[in-house]
Structures are given as C-alpha cells and as structure tokens.
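Data first, discussion second: the structure below is written as structure tokens.
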Amino acid sequence: MSARPELVRPDDAVIAAAARCTLRALATLFQTLGDGEHTLNLVIDRTDDVMIPARADVSVGNAPVRLAVLDEDEFQALCTLVTFALEGSTVRRAVLVATTAAEPQPRACGWTVRDGWLHPMDAAELRRAVIPCPGVNAVHRQVYTAPVLTQHADNDEESPRA
C-alpha cells in the first residue's frame, strides 16, 4: 500500500468552470503584463506530494491585441495546470511567476493561487522564490510586487468551486 495519498478527480462540470476561470485569469494577466516577451513559470504542489513545473513563452501585443505562443504544447500544459490549481481540490499550493524581457535586465512578478484565483505576491516574497542557488549561473531579475488581477465572474455557477 502506497504512503502517497491518492488524487480524486474533480467532477467534469467543476473542471469546465475552472477552465473558463483560467481563460479569464490568463486574459487578465496578459492585459496586465502588457506588450512584450514574457515567460510564465508555474509550480504546483499536488495533494499527493508531487511537484509539477510548467513553463511557457509568450509574446503579447495590445494594439492590436495579439498573443503569440512559442510552443503550443508547453502553453497547453501550463493552461491545464492553472486550471487544476484554480479548481483546487488536487493542488495544495501553486505559484505563477511572469518574467518580462527588459533591458538592462528582465523583471519578474508573481502570484499565488488561493481561493480559485491568482493573488499577487509582494516583492520580498517573490525575491525569496527566485533567488538562484549559490554557484548556479542564472539570470538575475528585477523583482516587483505583482499587480492585482481583477476577478470578473460571469456568474456564481462558473466558480471553480461551485
């Protein structure tokens, strides 16, 4: 018998509601990040003690509105994991970090998933999360407090926890 807890698959309707919420969350995120090249990194800690990372590179433009995805499979995997993080029943913790290509160095902000939405991390909390390990060559980022992402629900039935 395994010591690892088992995952219980959420109901299809709950997953569908969380998927709609994911689309709204990512649209709000891209609009908030604005024009530029962005890398999204997500790490989730599932309730069965498995850590799962995901990464996607995107290019965003707002005049006219456009989203270009470097690797569609990576982006789809990230969207799927965001959906399960927002739904929440199989995920203990999740953090999403957005790094924007900028000169002289990239800048980054992040959100934690809580109560079915993305909540901003402050700069100190994020700085601790993205500090490279000693002796590891890594890109240093200018870290800032993430903006609040306004949550617009179409109705209560679309809440991922409905």
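Every chain in the structure tokens takes a letter, A first, then B, and so on in the order presented; its residues are numbered from 1, and the ligands are numbered from 1 following the presented order.
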
May I have all residues of segment 5-148 of chain A that DSSP, computed from the backbone, assigns to strand (DSSP E), given as a count of residues only? 52

Excluding segment 74-88 of chain A and its own-chain neighbours fewer than 4 positions away, which residues fall within 7 Å of it when counting only C-alpha atoms? Please give them as a ChimeraX atom specification. /A:15,18-19,22,54-56,69,94,113,116-117,160-161

Rank nothing, just name the residue among A:Gly61, A:Pro53, A:Pro104, A:Gly34 nearest to Pro147 of chain A, using only C-alpha atoms.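 The closest residue to Pro147 of chain A is A:Gly34.
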
Which residue is closest to Leu126 of chain A? Choose from A:Thr150, A:Phe30, A:Pro106, A:Val95 and count only C-alpha atoms. A:Val95

Of the candidates A:Asp71, A:Asp35, A:Glu6, A:Asp11, which one gets nearest to Thr47 of chain A if we count only C-alpha atoms?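 Selected residue with least distance to Thr47 of chain A: A:Glu6.
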
Give the helix (DSSP H, G or I) residues of segment 27-130 of chain A, as assigned by DSSP on the backbone, as a PyMOL selection string. chain A and resi 27-33+72-87+123-130

Hey, which of A:Cys109, A:Ala124, A:Leu67, A:Val97 ends up closest to Ala27 of chain A? Count only C-alpha atoms. A:Leu67

Of the candidates A:Asn41, A:Thr90, A:Gln151, A:Gln31, which shows the shortest atom-to-atom distance to Val65 of chain A, using only C-alpha atoms? A:Gln31
